[in-house]
>>> print(open('input05.csv').read())   # CSV, C-alpha atoms
chain,number,residue,atom,x,y,z
A,1,MET,CA,171.0,212.9,208.4
A,2,LEU,CA,169.3,215.8,206.8
A,3,PRO,CA,171.2,218.7,205.1
A,4,LYS,CA,172.3,221.1,207.8
A,5,SER,CA,170.5,224.1,206.4
A,6,LEU,CA,167.2,222.2,206.3
A,7,GLN,CA,167.7,220.8,209.8
A,8,ASP,CA,168.4,224.3,211.1
A,9,THR,CA,165.2,225.6,209.5
A,10,ILE,CA,163.3,222.6,211.0
A,11,ASP,CA,164.8,223.4,214.4
A,12,ALA,CA,163.9,227.1,214.2
A,13,LEU,CA,160.3,226.4,213.1
A,14,GLY,CA,160.0,223.7,215.8
A,15,LEU,CA,160.2,226.5,218.4
A,16,LEU,CA,156.8,228.0,217.3
A,17,PRO,CA,153.9,227.2,219.7
A,18,GLY,CA,152.3,223.8,219.0
A,19,VAL,CA,154.7,222.8,216.2
A,20,GLY,CA,156.2,219.4,216.6
A,21,PRO,CA,159.1,217.9,214.6
A,22,ARG,CA,156.9,216.4,211.8
A,23,THR,CA,155.0,219.7,211.3
A,24,ALA,CA,158.3,221.6,211.3
A,25,GLU,CA,159.7,219.2,208.7
A,26,ARG,CA,156.7,219.8,206.5
A,27,TYR,CA,156.9,223.6,206.8
A,28,ALA,CA,160.7,223.6,206.1
A,29,TYR,CA,160.4,221.2,203.1
A,30,TYR,CA,157.5,223.3,201.7
A,31,LEU,CA,159.7,226.5,202.0
A,32,PHE,CA,162.6,224.7,200.3
A,33,ARG,CA,160.4,223.3,197.5
A,34,SER,CA,158.4,226.4,196.8
A,35,ASP,CA,159.6,229.6,195.1
A,36,GLU,CA,162.5,231.3,197.0
A,37,LYS,CA,160.3,234.4,197.1
A,38,ILE,CA,158.1,232.8,199.8
A,39,ALA,CA,161.1,232.3,202.2
A,40,LYS,CA,162.3,235.8,201.2
A,41,SER,CA,159.0,237.4,202.2
A,42,LEU,CA,159.1,235.6,205.5
A,43,ILE,CA,162.7,236.8,206.1
A,44,ASP,CA,161.8,240.4,205.3
A,45,SER,CA,158.8,240.5,207.5
A,46,LEU,CA,160.7,238.8,210.4
A,47,GLU,CA,163.5,241.3,210.1
A,48,LYS,CA,161.1,244.2,210.7
A,49,LEU,CA,158.9,242.4,213.3
A,50,HIS,CA,160.7,243.6,216.4
A,51,SER,CA,161.7,247.0,215.2
A,52,GLY,CA,158.3,247.7,213.5
A,53,VAL,CA,156.0,246.7,216.3
A,54,LYS,CA,155.8,248.0,219.9
A,55,LEU,CA,153.3,248.1,222.7
A,56,CYS,CA,151.1,251.3,223.2
A,57,PRO,CA,152.3,252.9,226.5
A,58,VAL,CA,148.7,253.7,227.4
A,59,THR,CA,146.6,250.7,226.3
A,60,PHE,CA,149.3,248.1,225.8
A,61,ALA,CA,147.9,247.2,222.4
A,62,LEU,CA,150.3,246.4,219.5
A,63,ILE,CA,151.1,249.4,217.5
A,64,ASP,CA,153.4,250.5,214.7
A,65,SER,CA,156.7,251.8,216.0
A,66,SER,CA,156.0,255.1,214.2
A,67,GLU,CA,152.9,255.7,216.4
A,68,GLU,CA,152.9,257.4,219.8
A,69,VAL,CA,149.8,255.7,221.1
A,70,SER,CA,147.2,253.2,219.8
A,71,PRO,CA,145.0,254.8,217.1
A,72,LEU,CA,142.1,253.1,218.9
A,73,TYR,CA,142.9,255.4,221.9
A,74,SER,CA,143.9,258.6,220.2
A,75,ASP,CA,140.9,258.6,217.8
A,76,PRO,CA,138.7,261.4,219.1
A,77,THR,CA,135.5,259.5,218.0
A,78,ARG,CA,136.2,256.7,220.4
A,79,ASP,CA,134.6,257.0,223.8
A,80,LYS,CA,137.5,257.2,226.4
A,81,SER,CA,135.1,256.9,229.3
A,82,THR,CA,134.5,253.2,228.5
A,83,VAL,CA,137.4,250.8,228.7
A,84,LEU,CA,137.3,247.2,227.6
A,85,VAL,CA,139.9,245.0,229.4
A,86,VAL,CA,141.4,242.0,227.6
A,87,GLU,CA,144.2,239.6,228.3
A,88,GLU,CA,146.2,239.7,225.1
A,89,PRO,CA,146.6,242.3,222.3
A,90,LEU,CA,145.1,240.0,219.6
A,91,ASP,CA,141.8,239.9,221.5
A,92,ILE,CA,141.4,243.5,220.5
A,93,PHE,CA,141.6,242.5,216.8
A,94,ALA,CA,138.8,239.9,217.3
A,95,LEU,CA,136.6,242.5,219.1
A,96,GLU,CA,137.2,245.2,216.5
A,97,GLN,CA,136.1,242.9,213.7
A,98,THR,CA,132.6,242.9,215.3
A,99,LYS,CA,132.4,246.7,214.7
A,100,ALA,CA,130.1,246.7,217.7
A,101,TYR,CA,132.3,248.6,220.2
A,102,LYS,CA,133.2,252.3,220.1
A,103,GLY,CA,135.1,252.7,223.4
A,104,THR,CA,138.8,252.1,224.2
A,105,TYR,CA,140.8,249.1,225.2
A,106,HIS,CA,143.2,248.1,227.9
A,107,VAL,CA,145.5,245.0,227.6
A,108,LEU,CA,146.4,243.3,230.8
A,109,GLY,CA,149.2,241.3,229.2
A,110,GLY,CA,147.9,237.9,230.4
A,111,ALA,CA,145.8,236.4,233.1
A,112,ILE,CA,146.8,235.5,236.7
A,113,SER,CA,148.4,232.1,236.8
A,114,PRO,CA,150.6,231.6,239.9
A,115,ILE,CA,151.9,228.3,238.4
A,116,ASP,CA,153.4,230.2,235.4
A,117,GLY,CA,154.7,233.0,237.7
A,118,ILE,CA,152.1,235.5,236.5
A,119,THR,CA,150.9,237.4,239.6
A,120,ALA,CA,148.7,240.5,239.7
A,121,ASP,CA,151.7,242.8,239.8
A,122,LYS,CA,152.9,241.4,236.4
A,123,LEU,CA,149.7,242.6,234.7
A,124,HIS,CA,149.0,246.2,233.7
A,125,ILE,CA,146.4,246.8,236.4
A,126,LYS,CA,148.1,249.8,237.9
A,127,GLU,CA,148.0,251.5,234.6
A,128,LEU,CA,144.3,250.7,234.2
A,129,GLU,CA,143.6,252.4,237.6
A,130,GLU,CA,145.6,255.5,236.5
A,131,ARG,CA,143.5,255.6,233.3
A,132,ILE,CA,140.3,255.3,235.2
A,133,LYS,CA,141.2,258.4,237.2
A,134,LYS,CA,142.8,260.4,234.3
A,135,ASP,CA,140.1,259.7,231.7
A,136,HIS,CA,137.1,259.9,234.1
A,137,VAL,CA,136.2,256.3,233.1
A,138,SER,CA,132.5,255.5,233.8
A,139,GLU,CA,132.5,251.8,232.7
A,140,VAL,CA,135.1,249.0,232.7
A,141,ILE,CA,134.1,246.0,230.6
A,142,ILE,CA,136.0,242.9,231.7
A,143,ALA,CA,136.6,240.6,228.7
A,144,THR,CA,139.1,238.1,230.1
A,145,ASN,CA,138.9,234.5,228.7
A,146,PRO,CA,136.3,232.2,230.2
A,147,SER,CA,139.1,230.0,231.7
A,148,VAL,CA,140.0,229.4,235.3
A,149,GLU,CA,142.8,232.0,235.0
A,150,GLY,CA,140.6,234.5,233.2
A,151,GLU,CA,137.8,234.1,235.7
A,152,SER,CA,140.2,234.6,238.6
A,153,THR,CA,141.6,237.7,236.9
A,154,ALA,CA,138.1,239.1,236.4
A,155,LEU,CA,137.3,238.6,240.1
A,156,LEU,CA,140.5,240.2,241.3
A,157,LEU,CA,140.0,243.1,238.9
A,158,GLN,CA,136.5,243.6,240.2
A,159,LYS,CA,137.8,243.6,243.8
A,160,MET,CA,140.6,246.0,243.0
A,161,LEU,CA,138.4,248.4,241.1
A,162,SER,CA,135.7,248.5,243.8
A,163,GLU,CA,138.5,249.5,246.3
A,164,LEU,CA,139.4,252.5,244.0
A,165,SER,CA,136.6,254.6,245.6
A,166,VAL,CA,135.3,255.9,242.3
A,167,PRO,CA,131.6,255.7,243.2
A,168,SER,CA,130.4,256.4,239.6
A,169,LEU,CA,132.4,253.5,238.1
A,170,LYS,CA,130.4,250.6,236.7
A,171,VAL,CA,132.2,247.3,236.2
A,172,THR,CA,130.6,244.9,233.7
A,173,ARG,CA,131.7,241.7,231.9
A,174,LEU,CA,130.9,240.1,228.6
A,175,ALA,CA,127.7,238.0,228.7
A,176,ARG,CA,127.9,234.2,229.1
A,177,GLY,CA,125.4,232.3,227.0
A,178,LEU,CA,124.9,230.0,224.1
A,179,PRO,CA,127.3,230.7,221.2
A,180,LEU,CA,125.7,230.9,217.7
A,181,GLY,CA,125.6,227.6,215.8
A,182,VAL,CA,126.0,225.3,218.8
A,183,ASP,CA,123.2,222.8,219.3
A,184,LEU,CA,121.6,223.1,222.7
A,185,SER,CA,122.2,219.5,223.5
A,186,TYR,CA,126.0,220.0,223.0
A,187,ALA,CA,126.4,223.0,225.2
A,188,ASP,CA,128.1,222.3,228.6
A,189,GLN,CA,126.3,222.7,231.9
A,190,ILE,CA,128.0,225.9,233.0
A,191,THR,CA,127.2,227.6,229.8
A,192,LEU,CA,123.6,226.4,229.8
A,193,SER,CA,123.2,227.5,233.5
A,194,ALA,CA,124.6,231.0,232.6
A,195,ALA,CA,122.3,231.2,229.5
A,196,LEU,CA,119.3,230.4,231.7
A,197,GLU,CA,120.2,232.7,234.5
A,198,ASN,CA,121.0,235.6,232.1
A,199,ARG,CA,118.0,235.0,229.9
A,200,THR,CA,116.7,238.1,228.1
A,201,ASP,CA,113.3,239.5,227.3
A,202,LEU,CA,112.0,238.6,223.8
B,1,MET,CA,144.2,247.2,212.0
B,2,LEU,CA,147.3,245.4,213.1
B,3,PRO,CA,150.7,247.0,212.9
B,4,LYS,CA,152.1,246.5,209.4
B,5,SER,CA,155.2,244.5,210.4
B,6,LEU,CA,153.0,242.1,212.3
B,7,GLN,CA,150.5,241.8,209.5
B,8,ASP,CA,153.3,241.1,207.0
B,9,THR,CA,154.6,238.3,209.3
B,10,ILE,CA,151.1,236.8,209.6
B,11,ASP,CA,150.7,236.9,205.8
B,12,ALA,CA,154.0,235.3,205.2
B,13,LEU,CA,153.4,232.5,207.8
B,14,GLY,CA,149.9,232.0,206.5
B,15,LEU,CA,151.5,230.6,203.3
B,16,LEU,CA,152.8,227.6,205.1
B,17,PRO,CA,150.8,224.4,204.4
B,18,GLY,CA,147.9,223.9,206.7
B,19,VAL,CA,148.4,227.3,208.5
B,20,GLY,CA,145.2,229.4,208.6
B,21,PRO,CA,144.9,233.0,209.7
B,22,ARG,CA,144.5,232.3,213.4
B,23,THR,CA,147.5,229.9,213.6
B,24,ALA,CA,149.6,232.5,211.6
B,25,GLU,CA,148.5,235.2,214.1
B,26,ARG,CA,149.5,232.9,217.0
B,27,TYR,CA,152.9,232.2,215.4
B,28,ALA,CA,153.6,235.8,214.6
B,29,TYR,CA,152.6,237.1,218.0
B,30,TYR,CA,154.8,234.4,219.7
B,31,LEU,CA,157.7,235.5,217.6
B,32,PHE,CA,157.1,239.1,218.5
B,33,ARG,CA,156.7,238.4,222.3
B,34,SER,CA,159.6,236.0,222.6
B,35,ASP,CA,163.3,236.9,222.5
B,36,GLU,CA,164.5,238.5,219.3
B,37,LYS,CA,167.0,235.6,219.1
B,38,ILE,CA,164.2,233.2,218.1
B,39,ALA,CA,163.2,235.3,215.1
B,40,LYS,CA,166.9,235.8,214.3
B,41,SER,CA,167.6,232.0,214.2
B,42,LEU,CA,164.7,231.5,211.8
B,43,ILE,CA,165.9,234.3,209.6
B,44,ASP,CA,169.4,232.9,209.5
B,45,SER,CA,168.3,229.4,208.7
B,46,LEU,CA,165.9,230.6,206.0
B,47,GLU,CA,168.6,232.6,204.4
B,48,LYS,CA,170.7,229.5,203.9
B,49,LEU,CA,167.8,227.2,203.0
B,50,HIS,CA,167.8,227.5,199.3
B,51,SER,CA,171.6,228.0,198.9
B,52,GLY,CA,172.5,225.2,201.4
B,53,VAL,CA,170.3,222.4,200.2
B,54,LYS,CA,170.0,220.8,196.8
B,55,LEU,CA,168.7,217.6,195.2
B,56,CYS,CA,171.1,214.7,194.7
B,57,PRO,CA,171.5,214.3,190.9
B,58,VAL,CA,171.4,210.5,191.2
B,59,THR,CA,168.9,209.7,193.9
B,60,PHE,CA,167.0,213.0,194.2
B,61,ALA,CA,167.4,213.0,198.0
B,62,LEU,CA,168.0,216.3,199.8
B,63,ILE,CA,171.7,216.9,200.2
B,64,ASP,CA,174.0,219.6,201.4
B,65,SER,CA,175.1,221.9,198.6
B,66,SER,CA,178.7,221.1,199.3
B,67,GLU,CA,178.1,217.4,198.5
B,68,GLU,CA,178.2,215.9,195.0
B,69,VAL,CA,175.8,213.0,195.5
B,70,SER,CA,173.8,211.7,198.5
B,71,PRO,CA,176.1,210.1,201.2
B,72,LEU,CA,173.5,207.3,201.3
B,73,TYR,CA,174.5,206.5,197.7
B,74,SER,CA,178.2,207.2,197.7
B,75,ASP,CA,178.8,205.3,201.0
B,76,PRO,CA,180.6,202.1,199.8
B,77,THR,CA,179.0,200.0,202.6
B,78,ARG,CA,175.5,200.6,201.1
B,79,ASP,CA,174.3,198.0,198.6
B,80,LYS,CA,173.8,199.7,195.3
B,81,SER,CA,172.0,196.7,193.8
B,82,THR,CA,169.0,197.3,195.9
B,83,VAL,CA,167.0,200.5,195.3
B,84,LEU,CA,164.1,201.6,197.5
B,85,VAL,CA,161.8,204.0,195.7
B,86,VAL,CA,159.9,206.7,197.7
B,87,GLU,CA,157.7,209.6,196.7
B,88,GLU,CA,159.3,212.4,198.7
B,89,PRO,CA,162.8,213.1,200.1
B,90,LEU,CA,161.6,213.1,203.7
B,91,ASP,CA,160.4,209.5,203.4
B,92,ILE,CA,164.0,208.5,203.3
B,93,PHE,CA,164.5,210.2,206.7
B,94,ALA,CA,161.7,208.1,208.2
B,95,LEU,CA,163.1,204.8,206.7
B,96,GLU,CA,166.7,205.6,207.8
B,97,GLN,CA,165.5,206.0,211.4
B,98,THR,CA,164.5,202.3,211.4
B,99,LYS,CA,168.2,201.4,210.7
B,100,ALA,CA,166.8,198.3,209.0
B,101,TYR,CA,167.8,199.1,205.4
B,102,LYS,CA,171.3,199.0,203.9
B,103,GLY,CA,170.5,199.6,200.2
B,104,THR,CA,170.2,202.9,198.3
B,105,TYR,CA,167.2,205.2,197.7
B,106,HIS,CA,165.5,206.8,194.7
B,107,VAL,CA,163.1,209.7,195.1
B,108,LEU,CA,160.3,209.9,192.5
B,109,GLY,CA,159.4,213.5,193.4
B,110,GLY,CA,155.7,212.8,194.0
B,111,ALA,CA,153.0,210.4,192.9
B,112,ILE,CA,151.0,210.3,189.8
B,113,SER,CA,148.0,212.7,190.1
B,114,PRO,CA,146.6,213.9,186.8
B,115,ILE,CA,144.3,216.3,188.7
B,116,ASP,CA,147.4,218.1,190.0
B,117,GLY,CA,149.1,217.9,186.6
B,118,ILE,CA,151.6,215.2,187.9
B,119,THR,CA,152.0,212.7,185.1
B,120,ALA,CA,154.5,209.9,184.8
B,121,ASP,CA,157.0,212.0,182.9
B,122,LYS,CA,157.2,214.6,185.7
B,123,LEU,CA,158.5,211.8,188.1
B,124,HIS,CA,162.2,210.6,188.1
B,125,ILE,CA,161.3,207.3,186.5
B,126,LYS,CA,163.7,207.5,183.6
B,127,GLU,CA,166.6,208.2,186.0
B,128,LEU,CA,165.6,205.1,187.9
B,129,GLU,CA,165.7,203.0,184.8
B,130,GLU,CA,169.1,204.3,184.0
B,131,ARG,CA,170.3,203.5,187.5
B,132,ILE,CA,168.9,199.9,187.2
B,133,LYS,CA,171.1,199.4,184.1
B,134,LYS,CA,174.2,201.2,185.3
B,135,ASP,CA,174.3,199.8,188.9
B,136,HIS,CA,173.2,196.3,187.9
B,137,VAL,CA,170.2,196.6,190.3
B,138,SER,CA,168.7,193.3,191.3
B,139,GLU,CA,165.8,194.5,193.4
B,140,VAL,CA,163.6,197.5,193.4
B,141,ILE,CA,161.5,198.0,196.5
B,142,ILE,CA,158.5,200.2,195.9
B,143,ALA,CA,157.6,202.3,199.0
B,144,THR,CA,155.0,204.7,197.7
B,145,ASN,CA,152.3,205.9,200.1
B,146,PRO,CA,149.3,203.6,200.6
B,147,SER,CA,147.0,206.3,198.9
B,148,VAL,CA,145.2,206.1,195.6
B,149,GLU,CA,148.0,208.1,193.9
B,150,GLY,CA,150.7,206.0,195.6
B,151,GLU,CA,149.1,202.8,194.5
B,152,SER,CA,148.6,204.0,190.9
B,153,THR,CA,152.3,205.0,190.9
B,154,ALA,CA,153.3,201.6,192.2
B,155,LEU,CA,151.3,199.8,189.5
B,156,LEU,CA,152.7,202.0,186.7
B,157,LEU,CA,156.3,201.5,188.0
B,158,GLN,CA,155.8,197.8,188.1
B,159,LYS,CA,154.6,197.8,184.5
B,160,MET,CA,157.4,200.1,183.3
B,161,LEU,CA,160.1,198.1,185.1
B,162,SER,CA,158.8,194.8,183.7
B,163,GLU,CA,159.1,196.3,180.2
B,164,LEU,CA,162.8,197.1,180.8
B,165,SER,CA,163.7,193.5,179.8
B,166,VAL,CA,166.1,193.0,182.8
B,167,PRO,CA,165.1,189.4,183.6
B,168,SER,CA,167.0,189.2,186.9
B,169,LEU,CA,165.2,192.3,188.3
B,170,LYS,CA,162.9,191.7,191.2
B,171,VAL,CA,160.2,194.2,192.0
B,172,THR,CA,158.8,194.2,195.5
B,173,ARG,CA,156.8,196.5,197.7
B,174,LEU,CA,156.5,197.2,201.4
B,175,ALA,CA,154.2,194.8,203.3
B,176,ARG,CA,150.6,195.8,204.0
B,177,GLY,CA,149.4,194.6,207.4
B,178,LEU,CA,148.4,195.7,210.9
B,179,PRO,CA,150.4,198.6,212.2
B,180,LEU,CA,151.8,198.2,215.8
B,181,GLY,CA,149.5,199.5,218.5
B,182,VAL,CA,146.3,199.5,216.6
B,183,ASP,CA,143.5,197.4,218.0
B,184,LEU,CA,142.3,194.7,215.5
B,185,SER,CA,138.7,196.0,215.8
B,186,TYR,CA,139.8,199.5,214.7
B,187,ALA,CA,141.7,198.4,211.6
B,188,ASP,CA,140.0,199.1,208.2
B,189,GLN,CA,138.8,196.3,206.0
B,190,ILE,CA,141.5,196.7,203.3
B,191,THR,CA,144.3,196.6,205.8
B,192,LEU,CA,142.7,193.6,207.5
B,193,SER,CA,142.3,191.8,204.2
B,194,ALA,CA,145.9,192.5,203.3
B,195,ALA,CA,147.1,191.3,206.8
B,196,LEU,CA,145.1,188.1,206.4
B,197,GLU,CA,146.3,187.4,202.8
B,198,ASN,CA,149.9,188.1,203.6
B,199,ARG,CA,150.0,186.2,206.9
B,200,THR,CA,153.3,184.9,207.9
B,201,ASP,CA,154.5,181.7,209.6
B,202,LEU,CA,155.0,181.9,213.3
>>> encode(input="input05.csv", output="structure tokens")
Amino acid sequence: MLPKSLQDTIDALGLLPGVGPRTAERYAYYLFRSDEKIAKSLIDSLEKLHSGVKLCPVTFALIDSSEEVSPLYSDPTRDKSTVLVVEEPLDIFALEQTKAYKGTYHVLGGAISPIDGITADKLHIKELEERIKKDHVSEVIIATNPSVEGESTALLLQKMLSELSVPSLKVTRLARGLPLGVDLSYADQITLSAALENRTDL
Amino acid sequence: MLPKSLQDTIDALGLLPGVGPRTAERYAYYLFRSDEKIAKSLIDSLEKLHSGVKLCPVTFALIDSSEEVSPLYSDPTRDKSTVLVVEEPLDIFALEQTKAYKGTYHVLGGAISPIDGITADKLHIKELEERIKKDHVSEVIIATNPSVEGESTALLLQKMLSELSVPSLKVTRLARGLPLGVDLSYADQITLSAALENRTDL
């Protein structure tokens, strides 16, 4: 029914996460109607995407292909004895924007989810353990997502790290509490319980 | 902060309608993480998008560049004396899926919206008037969107067509009424009034 080139673009865009046929149609039609430069810039960036980006071999963050390791690790002003553990590389981006953290990062590459075939050995836990020994890490901050998978991963990590027999190692995790801008009466029970339990001195 | 190639892809995807920075990040990261073939299929389709698709010079529907006019117009089994007028080319796609219409189409290329600089002379109304005379059209079905802009466009079209002095020309528009699957108590007042006014014999 639709011209083949348009249908091909709709099909390709429809593979993106959360994009259904109507959204893909809208995107493709927009790209067709707008200046050819917009489609061109997308083509150019996609052509360099796989060749220009790689995973840091130490922290598993996303880095430029021209770099050896993540600048957030090689930077001498960053404290290598503190490692913040996240599920995905983009989590680092969100944390860096706070400008509140000066240690280094470690990306697990997901969270444990047996139903999706993601078991502990698929995550970069062994590499984290190696880093703890090599860099004389004194604190591991677990920052997995507050989901069932993220919580299970945090528990497993805590167990594995305690078995490492590094007595000076402290394992912490991000605080649970009320997020800014959410009315108390709208907060869920678990968040409220955590906020109450972890209350701070004023 | 992010690798340049990834940031470029995020920026390019962020130009799509309704895509904010977080969604663009998600799309770009998905394209990086998944098989290179997915990005390749998107590149290939985008490269052919502008060269492979054009507007039909008669109906302004989207057609393959290899075609002269829309197959929905050139097809001899389609009734050229009935013209259904829509705002955008993709509206044709939605109507064709019903398989309930055997006439031809005419795309206006938008709806009147002075605030966006879309005035009557930017729409393909003159071409519609030419078709009415050339193809001896007996009925024009107006199928603009039920929005303020769509309704204004429908009114203007009706006025312009009545001034054409083609006495046999009938101008109709799609029925307003209850959509399937919507509970009566959830329908808005205007839709309900229209449904009541246009009630049909049972």
>>> interface_residues(input="input05.csv", of="chain B", to="chain A", cutoff="8 Å", atoms="only C-alpha atoms", output="JSON, numbers by chain")
{"B": [1, 2, 3, 4, 5, 6, 8, 9, 12, 13, 15, 16, 17, 26, 27, 30, 31, 32, 36, 38, 39, 40, 41, 42, 43, 45, 46, 47, 48, 49, 50, 52, 53, 62, 63, 64, 93]}
>>> atom_distance(input="input05.csv", atom1="atom CA of Val83 of chain A", atom2="atom CA of Ile142 of chain A")
8.6 Å
>>> atom_distance(input="input05.csv", atom1="atom CA of Glu129 of chain B", atom2="atom CA of Thr98 of chain B")
26.6 Å
>>> atom_distance(input="input05.csv", atom1="atom CA of Lys126 of chain A", atom2="atom CA of Asp75 of chain A")
23.1 Å
>>> residues_around(input="input05.csv", residues="Val85 of chain B", least_positions_apart="2", cutoff="10 Å", atoms="all atoms listed in the file", output="JSON, numbers by chain")
{"B": [59, 82, 83, 87, 88, 91, 92, 104, 105, 106, 107, 108, 125, 128, 140, 141, 142, 143, 144, 154, 157, 173]}
>>> write_last_selection(input="input05.csv", atoms="C-alpha atoms", output="CSV table (one decimal), keeping the file's coordinate frame")
chain,number,residue,atom,x,y,z
B,59,THR,CA,168.9,209.7,193.9
B,82,THR,CA,169.0,197.3,195.9
B,83,VAL,CA,167.0,200.5,195.3
B,87,GLU,CA,157.7,209.6,196.7
B,88,GLU,CA,159.3,212.4,198.7
B,91,ASP,CA,160.4,209.5,203.4
B,92,ILE,CA,164.0,208.5,203.3
B,104,THR,CA,170.2,202.9,198.3
B,105,TYR,CA,167.2,205.2,197.7
B,106,HIS,CA,165.5,206.8,194.7
B,107,VAL,CA,163.1,209.7,195.1
B,108,LEU,CA,160.3,209.9,192.5
B,125,ILE,CA,161.3,207.3,186.5
B,128,LEU,CA,165.6,205.1,187.9
B,140,VAL,CA,163.6,197.5,193.4
B,141,ILE,CA,161.5,198.0,196.5
B,142,ILE,CA,158.5,200.2,195.9
B,143,ALA,CA,157.6,202.3,199.0
B,144,THR,CA,155.0,204.7,197.7
B,154,ALA,CA,153.3,201.6,192.2
B,157,LEU,CA,156.3,201.5,188.0
B,173,ARG,CA,156.8,196.5,197.7
>>> closest_residue(input="input05.csv", among="A:Cys56, A:Leu161, A:Ala187, A:Ala175", to="Thr200 of chain A", atoms="only C-alpha atoms")
A:Ala175
>>> closest_residue(input="input05.csv", among="B:Leu178, B:Leu184, B:Ile112, B:Val166", to="Glu151 of chain B", atoms="only C-alpha atoms")
B:Ile112
>>> build_atoms(input="input05.csv", residues="segment 11-30 of chain A", atoms="N, CA and C atoms", output="CSV table (one decimal), keeping the file's coordinate frame")
chain,number,residue,atom,x,y,z
A,11,ASP,N,164.6,223.1,213.0
A,11,ASP,CA,164.8,223.4,214.4
A,11,ASP,C,164.2,224.7,214.8
A,12,ALA,N,164.4,225.7,213.9
A,12,ALA,CA,163.9,227.1,214.2
A,12,ALA,C,162.4,227.1,214.1
A,13,LEU,N,161.8,226.4,213.2
A,13,LEU,CA,160.3,226.4,213.1
A,13,LEU,C,159.7,225.6,214.2
A,14,GLY,N,160.5,224.6,214.7
A,14,GLY,CA,160.0,223.7,215.8
A,14,GLY,C,159.8,224.5,217.1
A,15,LEU,N,160.3,225.7,217.2
A,15,LEU,CA,160.2,226.5,218.4
A,15,LEU,C,158.8,227.2,218.4
A,16,LEU,N,158.1,227.3,217.3
A,16,LEU,CA,156.8,228.0,217.3
A,16,LEU,C,155.8,227.2,218.1
A,17,PRO,N,154.8,227.8,218.7
A,17,PRO,CA,153.9,227.2,219.7
A,17,PRO,C,153.1,226.1,219.0
A,18,GLY,N,153.1,224.9,219.5
A,18,GLY,CA,152.3,223.8,219.0
A,18,GLY,C,152.8,223.1,217.7
A,19,VAL,N,154.1,223.5,217.4
A,19,VAL,CA,154.7,222.8,216.2
A,19,VAL,C,155.7,221.8,216.6
A,20,GLY,N,155.3,220.5,216.3
A,20,GLY,CA,156.2,219.4,216.6
A,20,GLY,C,157.2,219.1,215.5
A,21,PRO,N,158.0,218.1,215.6
A,21,PRO,CA,159.1,217.9,214.6
A,21,PRO,C,158.5,217.6,213.2
A,22,ARG,N,157.4,216.8,213.1
A,22,ARG,CA,156.9,216.4,211.8
A,22,ARG,C,156.3,217.7,211.1
A,23,THR,N,155.6,218.5,211.9
A,23,THR,CA,155.0,219.7,211.3
A,23,THR,C,156.2,220.7,210.8
A,24,ALA,N,157.2,220.8,211.7
A,24,ALA,CA,158.3,221.6,211.3
A,24,ALA,C,159.0,221.1,210.1
A,25,GLU,N,159.1,219.8,209.9
A,25,GLU,CA,159.7,219.2,208.7
A,25,GLU,C,158.9,219.6,207.5
A,26,ARG,N,157.6,219.5,207.7
A,26,ARG,CA,156.7,219.8,206.5
A,26,ARG,C,156.8,221.2,206.1
A,27,TYR,N,156.8,222.1,207.1
A,27,TYR,CA,156.9,223.6,206.8
A,27,TYR,C,158.3,223.8,206.1
A,28,ALA,N,159.4,223.3,206.6
A,28,ALA,CA,160.7,223.6,206.1
A,28,ALA,C,160.8,223.0,204.7
A,29,TYR,N,160.3,221.8,204.5
A,29,TYR,CA,160.4,221.2,203.1
A,29,TYR,C,159.5,222.0,202.1
A,30,TYR,N,158.4,222.5,202.6
A,30,TYR,CA,157.5,223.3,201.7
A,30,TYR,C,158.3,224.6,201.3
